$ cat run-v1.tsv   # TSV, C-alpha atoms and all ligand atoms
chain	number	residue	atom	x	y	z
A	1	MET	CA	-48.05	28.32	23.06
A	2	ARG	CA	-51.79	28.16	23.42
A	3	ILE	CA	-53.14	27.65	26.96
A	4	GLU	CA	-56.47	25.86	27.44
A	5	GLN	CA	-58.42	24.70	30.50
A	6	TRP	CA	-59.64	21.09	30.17
A	7	SER	CA	-62.83	21.84	32.10
A	8	SER	CA	-63.82	24.78	29.88
A	9	LEU	CA	-63.55	22.87	26.59
A	10	THR	CA	-66.35	20.92	24.97
A	11	SER	CA	-65.76	17.29	24.08
A	12	PRO	CA	-65.45	18.02	20.31
A	13	GLU	CA	-63.08	20.92	21.04
A	14	LEU	CA	-60.89	18.65	23.15
A	15	LEU	CA	-60.85	16.03	20.41
A	16	ALA	CA	-59.80	18.64	17.84
A	17	LEU	CA	-56.97	19.80	20.13
A	18	ALA	CA	-55.82	16.19	20.64
A	19	HIS	CA	-55.14	15.99	16.90
A	20	VAL	CA	-52.42	18.65	17.16
A	21	ASP	CA	-50.44	16.73	19.81
A	22	PRO	CA	-50.92	18.86	22.95
A	23	VAL	CA	-49.40	18.54	26.42
A	24	ALA	CA	-51.84	17.86	29.26
A	25	VAL	CA	-50.80	19.07	32.71
A	26	LEU	CA	-52.31	17.55	35.86
A	27	PRO	CA	-51.69	19.52	39.07
A	28	VAL	CA	-51.62	17.22	42.10
A	29	ALA	CA	-51.74	18.82	45.55
A	30	ALA	CA	-52.99	18.22	49.11
A	31	ILE	CA	-55.42	19.50	51.71
A	32	GLU	CA	-53.50	19.13	54.94
A	33	GLN	CA	-52.40	20.92	58.07
A	34	HIS	CA	-49.66	23.53	57.66
A	35	GLY	CA	-49.42	24.61	61.30
A	36	ALA	CA	-51.20	27.60	62.81
A	37	HIS	CA	-50.02	30.16	60.25
A	38	LEU	CA	-50.98	28.64	56.85
A	39	PRO	CA	-54.31	27.32	55.54
A	40	LEU	CA	-55.12	23.71	54.77
A	41	ALA	CA	-55.14	24.48	51.02
A	42	THR	CA	-51.55	25.75	51.02
A	43	ASP	CA	-50.28	23.11	48.58
A	44	VAL	CA	-53.24	23.73	46.24
A	45	ILE	CA	-52.62	27.49	46.25
A	46	ILE	CA	-48.87	27.07	45.64
A	47	GLY	CA	-49.35	24.44	42.90
A	48	ASP	CA	-51.97	26.50	41.08
A	49	GLY	CA	-49.85	29.65	41.50
A	50	LEU	CA	-46.76	28.03	40.01
A	51	LEU	CA	-48.74	26.60	37.09
A	52	ALA	CA	-50.30	30.02	36.43
A	53	SER	CA	-46.81	31.54	36.43
A	54	ALA	CA	-45.59	28.87	33.98
A	55	CYS	CA	-48.61	29.41	31.71
A	56	GLU	CA	-48.01	33.18	31.61
A	57	ARG	CA	-44.55	32.46	30.26
A	58	LEU	CA	-45.70	29.77	27.84
A	59	ALA	CA	-48.43	32.01	26.43
A	60	ARG	CA	-45.67	34.40	25.31
A	61	GLU	CA	-43.73	31.63	23.54
A	62	PRO	CA	-44.16	31.33	19.77
A	63	GLY	CA	-46.02	28.33	18.33
A	64	LEU	CA	-49.55	27.10	18.80
A	65	THR	CA	-48.92	23.75	20.53
A	66	PRO	CA	-51.75	23.57	23.06
A	67	VAL	CA	-51.08	23.17	26.77
A	68	ILE	CA	-54.24	21.81	28.40
A	69	CYS	CA	-54.46	22.30	32.16
A	70	LEU	CA	-56.49	19.57	33.84
A	71	PRO	CA	-58.45	20.40	36.99
A	72	THR	CA	-56.25	20.28	40.09
A	73	CYS	CA	-56.48	17.15	42.25
A	74	PRO	CA	-56.83	18.92	45.60
A	75	ILE	CA	-56.62	15.84	47.81
A	76	GLY	CA	-53.57	13.62	47.72
A	77	ALA	CA	-51.67	11.22	49.95
A	78	SER	CA	-51.12	12.94	53.30
A	79	LEU	CA	-50.85	10.10	55.81
A	80	GLU	CA	-47.92	11.87	57.48
A	81	HIS	CA	-50.23	14.76	58.49
A	82	THR	CA	-53.23	12.79	59.76
A	83	HIS	CA	-52.33	13.43	63.40
A	84	PHE	CA	-53.68	16.97	62.88
A	85	ALA	CA	-57.26	18.16	62.37
A	86	GLY	CA	-58.21	19.28	58.89
A	87	THR	CA	-55.97	16.93	56.94
A	88	LEU	CA	-57.85	15.06	54.23
A	89	SER	CA	-55.99	12.11	52.75
A	90	LEU	CA	-56.52	9.39	50.22
A	91	SER	CA	-54.84	6.07	50.89
A	92	ALA	CA	-51.74	5.46	48.79
A	93	GLU	CA	-53.69	2.97	46.68
A	94	GLN	CA	-56.53	5.46	46.14
A	95	ALA	CA	-54.11	8.26	45.27
A	96	ILE	CA	-52.35	6.08	42.69
A	97	ALA	CA	-55.72	4.96	41.27
A	98	GLN	CA	-56.92	8.58	41.04
A	99	ILE	CA	-53.95	9.62	38.91
A	100	VAL	CA	-54.09	6.47	36.78
A	101	CYS	CA	-57.84	6.94	36.13
A	102	ILE	CA	-57.36	10.58	35.11
A	103	GLY	CA	-54.37	9.65	32.93
A	104	GLU	CA	-56.45	6.97	31.23
A	105	GLY	CA	-59.04	9.64	30.42
A	106	VAL	CA	-56.30	11.78	28.90
A	107	ALA	CA	-55.13	8.80	26.81
A	108	ARG	CA	-58.71	7.96	25.73
A	109	ALA	CA	-59.01	11.47	24.32
A	110	GLY	CA	-56.02	10.71	22.09
A	111	ILE	CA	-53.48	12.81	24.00
A	112	ARG	CA	-50.02	11.28	24.34
A	113	ARG	CA	-48.11	13.72	26.56
A	114	LEU	CA	-48.86	14.23	30.25
A	115	VAL	CA	-47.06	16.27	32.89
A	116	LEU	CA	-47.87	15.42	36.51
A	117	PHE	CA	-47.14	18.63	38.42
A	118	ASN	CA	-46.89	17.99	42.14
A	119	SER	CA	-46.81	20.49	45.01
A	120	HIS	CA	-46.86	18.07	47.99
A	121	GLY	CA	-43.89	15.98	49.11
A	122	GLY	CA	-46.05	13.08	50.28
A	123	ASN	CA	-47.38	12.60	46.74
A	124	LYS	CA	-43.98	11.95	45.19
A	125	ALA	CA	-43.91	8.19	45.71
A	126	ILE	CA	-47.51	7.98	44.47
A	127	LEU	CA	-46.64	9.89	41.31
A	128	ASP	CA	-43.71	7.61	40.55
A	129	LEU	CA	-45.91	4.51	40.64
A	130	ALA	CA	-48.89	6.06	38.83
A	131	ALA	CA	-46.65	7.49	36.10
A	132	LEU	CA	-45.04	4.12	35.46
A	133	ARG	CA	-48.42	2.42	35.21
A	134	LEU	CA	-49.62	5.04	32.72
A	135	ARG	CA	-46.44	4.53	30.70
A	136	ALA	CA	-46.80	0.75	30.72
A	137	GLU	CA	-50.56	0.46	30.34
A	138	ALA	CA	-51.66	3.56	28.41
A	139	GLY	CA	-48.49	4.22	26.41
A	140	LEU	CA	-48.30	7.86	27.50
A	141	LEU	CA	-45.17	9.95	27.86
A	142	VAL	CA	-45.54	10.89	31.54
A	143	VAL	CA	-43.28	13.55	33.05
A	144	LYS	CA	-43.09	13.87	36.83
A	145	ALA	CA	-42.41	17.44	37.94
A	146	ASN	CA	-42.13	18.01	41.70
A	147	TYR	CA	-41.47	21.72	42.25
A	148	PHE	CA	-39.73	21.07	45.58
A	149	ARG	CA	-37.14	19.05	43.64
A	150	PHE	CA	-36.43	21.99	41.29
A	151	ALA	CA	-33.15	23.75	42.12
A	152	PRO	CA	-34.05	26.84	44.18
A	153	PRO	CA	-32.80	30.29	43.18
A	154	ALA	CA	-29.35	31.07	44.56
A	155	ASP	CA	-29.31	32.86	47.92
A	156	ALA	CA	-33.10	33.11	48.20
A	157	LEU	CA	-33.07	31.28	51.54
A	158	PRO	CA	-30.36	29.94	53.88
A	159	ALA	CA	-29.13	26.44	52.95
A	160	ALA	CA	-30.10	25.03	56.37
A	161	GLU	CA	-33.67	26.28	55.94
A	162	LEU	CA	-33.88	24.74	52.46
A	163	ALA	CA	-32.59	21.44	53.86
A	164	HIS	CA	-34.74	21.28	57.00
A	165	GLY	CA	-37.67	23.64	56.40
A	166	LEU	CA	-39.69	20.80	54.92
A	167	HIS	CA	-43.18	21.90	55.85
A	168	GLY	CA	-44.66	25.32	56.54
A	169	GLY	CA	-41.17	26.86	56.73
A	170	ALA	CA	-39.74	29.87	54.92
A	171	LEU	CA	-40.15	28.41	51.42
A	172	GLU	CA	-43.88	27.71	51.54
A	173	THR	CA	-44.66	30.70	53.76
A	174	SER	CA	-42.86	33.09	51.39
A	175	MET	CA	-44.85	31.85	48.42
A	176	MET	CA	-48.06	32.15	50.43
A	177	TRP	CA	-47.17	35.75	51.40
A	178	HIS	CA	-46.95	36.41	47.65
A	179	LEU	CA	-49.89	34.32	46.37
A	180	ALA	CA	-52.46	34.60	49.16
A	181	PRO	CA	-51.31	37.11	51.82
A	182	ASP	CA	-54.80	37.38	53.32
A	183	LEU	CA	-54.63	33.69	54.25
A	184	VAL	CA	-51.34	33.93	56.19
A	185	ARG	CA	-51.92	34.27	59.95
A	186	SER	CA	-49.09	36.69	60.69
A	187	ASP	CA	-49.57	36.47	64.47
A	188	ALA	CA	-48.80	32.72	64.34
A	189	ILE	CA	-45.53	33.00	62.37
A	190	ALA	CA	-42.78	31.25	64.36
A	191	GLU	CA	-39.64	29.18	64.17
A	192	HIS	CA	-40.09	25.41	64.47
A	193	ARG	CA	-36.74	23.68	64.73
A	194	SER	CA	-37.34	20.25	63.28
A	195	LEU	CA	-35.98	16.95	64.52
A	196	GLY	CA	-33.92	16.83	61.30
A	197	GLN	CA	-32.31	20.18	62.10
A	198	ARG	CA	-31.65	19.19	65.71
A	199	ARG	CA	-30.05	15.89	64.64
A	200	ALA	CA	-27.90	17.62	62.00
A	201	ASP	CA	-26.77	20.16	64.59
A	202	ALA	CA	-25.78	17.25	66.85
A	203	GLY	CA	-23.62	15.79	64.07
A	204	CYS	CA	-25.96	12.93	63.07
A	205	SER	CA	-26.13	12.13	59.37
A	206	LEU	CA	-29.37	10.14	59.48
A	207	GLY	CA	-32.32	12.48	59.06
A	208	PRO	CA	-35.83	12.53	57.59
A	209	GLU	CA	-34.46	13.12	54.06
A	210	GLY	CA	-31.17	12.48	52.32
A	211	ASP	CA	-29.36	9.39	51.05
A	212	ALA	CA	-30.72	7.36	53.97
A	213	GLY	CA	-33.75	8.67	55.81
A	214	PHE	CA	-36.31	7.59	58.39
A	215	ALA	CA	-40.04	7.52	57.67
A	216	TRP	CA	-41.70	10.35	59.56
A	217	MET	CA	-45.03	11.64	60.70
A	218	ALA	CA	-45.22	15.45	60.85
A	219	ASN	CA	-45.48	15.34	64.64
A	220	ASP	CA	-42.20	13.38	64.74
A	221	LEU	CA	-40.44	16.37	63.18
A	222	HIS	CA	-42.07	18.88	65.52
A	223	PRO	CA	-45.09	18.71	67.86
A	224	ALA	CA	-46.63	21.67	65.98
A	225	GLY	CA	-46.50	19.80	62.66
A	226	VAL	CA	-44.28	22.48	61.12
A	227	ALA	CA	-40.61	22.12	60.16
A	228	GLY	CA	-38.76	25.31	59.39
A	229	ASP	CA	-38.46	28.99	60.21
A	230	ALA	CA	-41.41	30.92	58.81
A	231	ARG	CA	-39.96	34.14	60.31
A	232	LEU	CA	-37.52	34.18	57.37
A	233	ALA	CA	-40.40	34.40	54.88
A	234	ASP	CA	-41.47	37.53	53.02
A	235	ALA	CA	-43.53	38.39	49.95
A	236	ALA	CA	-40.56	39.55	47.84
A	237	THR	CA	-38.83	36.20	48.36
A	238	GLY	CA	-42.12	34.49	47.54
A	239	ALA	CA	-42.46	36.42	44.27
A	240	ARG	CA	-38.93	35.41	43.35
A	241	LEU	CA	-39.57	31.75	44.19
A	242	VAL	CA	-42.82	31.64	42.21
A	243	ALA	CA	-41.19	33.23	39.15
A	244	HIS	CA	-38.20	30.89	39.41
A	245	PHE	CA	-40.17	27.66	39.86
A	246	GLY	CA	-42.74	28.82	37.27
A	247	THR	CA	-39.94	29.34	34.74
A	248	ARG	CA	-38.58	25.86	35.37
A	249	LEU	CA	-42.04	24.32	35.05
A	250	ALA	CA	-42.53	26.18	31.74
A	251	GLU	CA	-39.25	24.68	30.48
A	252	VAL	CA	-40.38	21.20	31.51
A	253	ILE	CA	-43.71	21.64	29.69
A	254	GLU	CA	-41.97	22.96	26.56
A	255	GLU	CA	-39.55	20.05	26.51
A	256	THR	CA	-42.44	17.64	26.99
A	257	ALA	CA	-44.10	19.21	23.93
A	258	THR	CA	-41.01	18.68	21.75
A	259	PHE	CA	-39.99	15.28	23.17
A	260	ASP	CA	-39.42	12.81	20.31
A	261	LEU	CA	-41.88	10.05	21.18
A	262	SER	CA	-40.31	7.75	18.58
A	263	ALA	CA	-37.20	7.64	20.80
A	264	LEU	CA	-39.20	5.60	23.34
A	265	GLY	CA	-39.65	1.86	23.08
A	266	PRO	CA	-42.93	0.10	22.32
A	267	THR	CA	-45.48	-0.45	25.13
A	268	GLN	CA	-48.51	-2.71	25.55
A	269	HIS	CA	-50.32	0.11	23.84
A	270	GLY	CA	-48.08	-0.02	20.77
A	301	ZN	ZN	-47.16	22.13	51.85
$ encode --input "run-v1.tsv" --output "structure tokens"
Amino acid sequence: MRIEQWSSLTSPELLALAHVDPVAVLPVAAIEQHGAHLPLATDVIIGDGLLASACERLAREPGLTPVICLPTCPIGASLEHTHFAGTLSLSAEQAIAQIVCIGEGVARAGIRRLVLFNSHGGNKAILDLAALRLRAEAGLLVVKANYFRFAPPADALPAAELAHGLHGGALETSMMWHLAPDLVRSDAIAEHRSLGQRRADAGCSLGPEGDAGFAWMANDLHPAGVAGDARLADAATGARLVAHFGTRLAEVIEETATFDLSALGPTQHG
């Protein structure tokens, strides 16, 4: 497949690409606290790293269907982290409007396929609502890809850490050791046993996630704003996670490219 950057194209070049039915990919991330050991841009770095990994794979695939990477939305919906300095957050309404406005621009260019690629848990609900509006109002095929919902590689991390290490734990810290090791503050790496972990250990079934969950602010889960054991993280695990999630994202983009749009019903847009 052919990989293009939206921002590097000219308007006529973009229009020409739209005629060959490309897939646009919008990375949606966050600038928010990740404890004392990871930078505020952690979700941007991970999202961009996973998309780069996916694009490396797609560039090796046969066929010339263009994949057009939109500029990353660095700021998302991070209300749950606003207790901590450095978090920048749109309101939910603004975050939905941001994605809808960008999607409308994609549709105006004549593109019909859009992947929303999200690297921040707090954006998931926003994406669901924005994607539906773009389906209903702009007639786009909109695919919602949240990497943290992708099945993780077997045995990469302990099951309890995958379940409870929701923020700044071994998963994110491993990928940061791989993608941006200079930005990991190794002297601040620590275990932060989250409220979810402590409740599960006490035999409670109601936690912050799961089939029934309670709404949480990051400082509910742990006073440090981190949930998980970053001591379990290492660069080799991070490389494995990035390759694994990047492969899955590449599959999602490929299937979006070949999705039979005539299988969908009519919309306001026709
Ligand atoms: Zn994060």
$ residues_near_point --input "run-v1.tsv" --point "(-47.6, 35.4, 41.6)" --cutoff "8 Å" --atoms "all atoms listed in the file" --output "VMD selection string"
chain A and resid 49 to 50 52 to 53 178 to 179 239 242 to 243
$ residues_near_ligand --input "run-v1.tsv" --ligand "ligand ZN 301 (chain A)" --cutoff "7 Å" --atoms "only C-alpha atoms and all ligand atoms" --output "list in words"
His34, Thr42, Asp43, His120, His167, Gly168 and Glu172 of chain A
$ atom_distance --input "run-v1.tsv" --atom1 "CA of Pro74 in chain A" --atom2 "CA of Gly165 in chain A"
22.5 Å
$ residues_around --input "run-v1.tsv" --residues "Ile126 in chain A" --least-positions-apart "3" --cutoff "7 Å" --atoms "all atoms listed in the file" --output "NGL selection string"
:A and (92 or 95-96 or 123 or 129-130)
$ atom_distance --input "run-v1.tsv" --atom1 "CA of Asp21 in chain A" --atom2 "CA of Ile45 in chain A"
28.6 Å
$ atom_distance --input "run-v1.tsv" --atom1 "CA of Leu88 in chain A" --atom2 "CA of Cys55 in chain A"
28.3 Å
$ closest_residue --input "run-v1.tsv" --among "A:Val106, A:Ile75, A:Ala154, A:Leu132" --to "Leu40 in chain A" --atoms "only C-alpha atoms"
A:Ile75
$ residues_near_point --input "run-v1.tsv" --point "(-47.4, 15.6, 64.9)" --cutoff "12 Å" --atoms "only C-alpha atoms" --output "list in words"
Gln33, His34, Gly35, Leu79, Glu80, His81, Thr82, His83, Phe84, Ala85, Thr87, His167, Ser194, Leu195, Trp216, Met217, Ala218, Asn219, Asp220, Leu221, His222, Pro223, Ala224, Gly225, Val226 and Ala227 of chain A
$ write_last_selection --input "run-v1.tsv" --atoms "C-alpha atoms" --output "compact mmCIF listing (two decimals), keeping the file's coordinate frame"
# COMPACT_ATOMS: atom_id res chain seq x y z
CA GLN A 33 -52.40 20.92 58.07
CA HIS A 34 -49.66 23.53 57.66
CA GLY A 35 -49.42 24.61 61.30
CA LEU A 79 -50.85 10.10 55.81
CA GLU A 80 -47.92 11.87 57.48
CA HIS A 81 -50.23 14.76 58.49
CA THR A 82 -53.23 12.79 59.76
CA HIS A 83 -52.33 13.43 63.40
CA PHE A 84 -53.68 16.97 62.88
CA ALA A 85 -57.26 18.16 62.37
CA THR A 87 -55.97 16.93 56.94
CA HIS A 167 -43.18 21.90 55.85
CA SER A 194 -37.34 20.25 63.28
CA LEU A 195 -35.98 16.95 64.52
CA TRP A 216 -41.70 10.35 59.56
CA MET A 217 -45.03 11.64 60.70
CA ALA A 218 -45.22 15.45 60.85
CA ASN A 219 -45.48 15.34 64.64
CA ASP A 220 -42.20 13.38 64.74
CA LEU A 221 -40.44 16.37 63.18
CA HIS A 222 -42.07 18.88 65.52
CA PRO A 223 -45.09 18.71 67.86
CA ALA A 224 -46.63 21.67 65.98
CA GLY A 225 -46.50 19.80 62.66
CA VAL A 226 -44.28 22.48 61.12
CA ALA A 227 -40.61 22.12 60.16
$ residues_around --input "run-v1.tsv" --residues "Leu70 in chain A" --least-positions-apart "2" --cutoff "7 Å" --atoms "only C-alpha atoms" --output "PyMOL selection string"
chain A and resi 5-7+24-26+68+72
$ closest_residue --input "run-v1.tsv" --among "A:Ala200, A:Leu51, A:Val184, A:Ala233" --to "His164 in chain A" --atoms "all atoms listed in the file"
A:Ala200
$ axis_aligned_box --input "run-v1.tsv" --around "range 212-226 of chain A" --padding-each-side "8 Å" --output "AutoDock Vina command-line options"
--center_x -38.7 --center_y 14.9 --center_z 60.9 --size_x 31.9 --size_y 31.1 --size_z 29.9
$ closest_residue --input "run-v1.tsv" --among "A:Cys69, A:Val115, A:Gln268, A:Glu161" --to "Arg133 in chain A" --atoms "all atoms listed in the file"
A:Gln268
$ residues_around --input "run-v1.tsv" --residues "Leu261 in chain A" --least-positions-apart "4" --cutoff "12 Å" --atoms "only C-alpha atoms" --output "number ranges by chain"
A: 21, 112-113, 135, 139-142, 255-257, 265-267, 270
$ closest_residue --input "run-v1.tsv" --among "A:Asp201, A:Ala180, A:Ala263, A:Glu93" --to "Gly238 in chain A" --atoms "all atoms listed in the file"
A:Ala180
$ residues_around --input "run-v1.tsv" --residues "Leu15 in chain A" --least-positions-apart "3" --cutoff "8 Å" --atoms "only C-alpha atoms" --output "list in words"
Ser11, Pro12, Ala18, His19, Ala109 and Gly110 of chain A
$ closest_residue --input "run-v1.tsv" --among "A:Gly196, A:Pro22, A:Gly246, A:Pro71" --to "Pro152 in chain A" --atoms "all atoms listed in the file"
A:Gly246
$ closest_residue --input "run-v1.tsv" --among "A:Ala156, A:Leu114, A:Ala54, A:Leu90" --to "Phe259 in chain A" --atoms "only C-alpha atoms"
A:Leu114
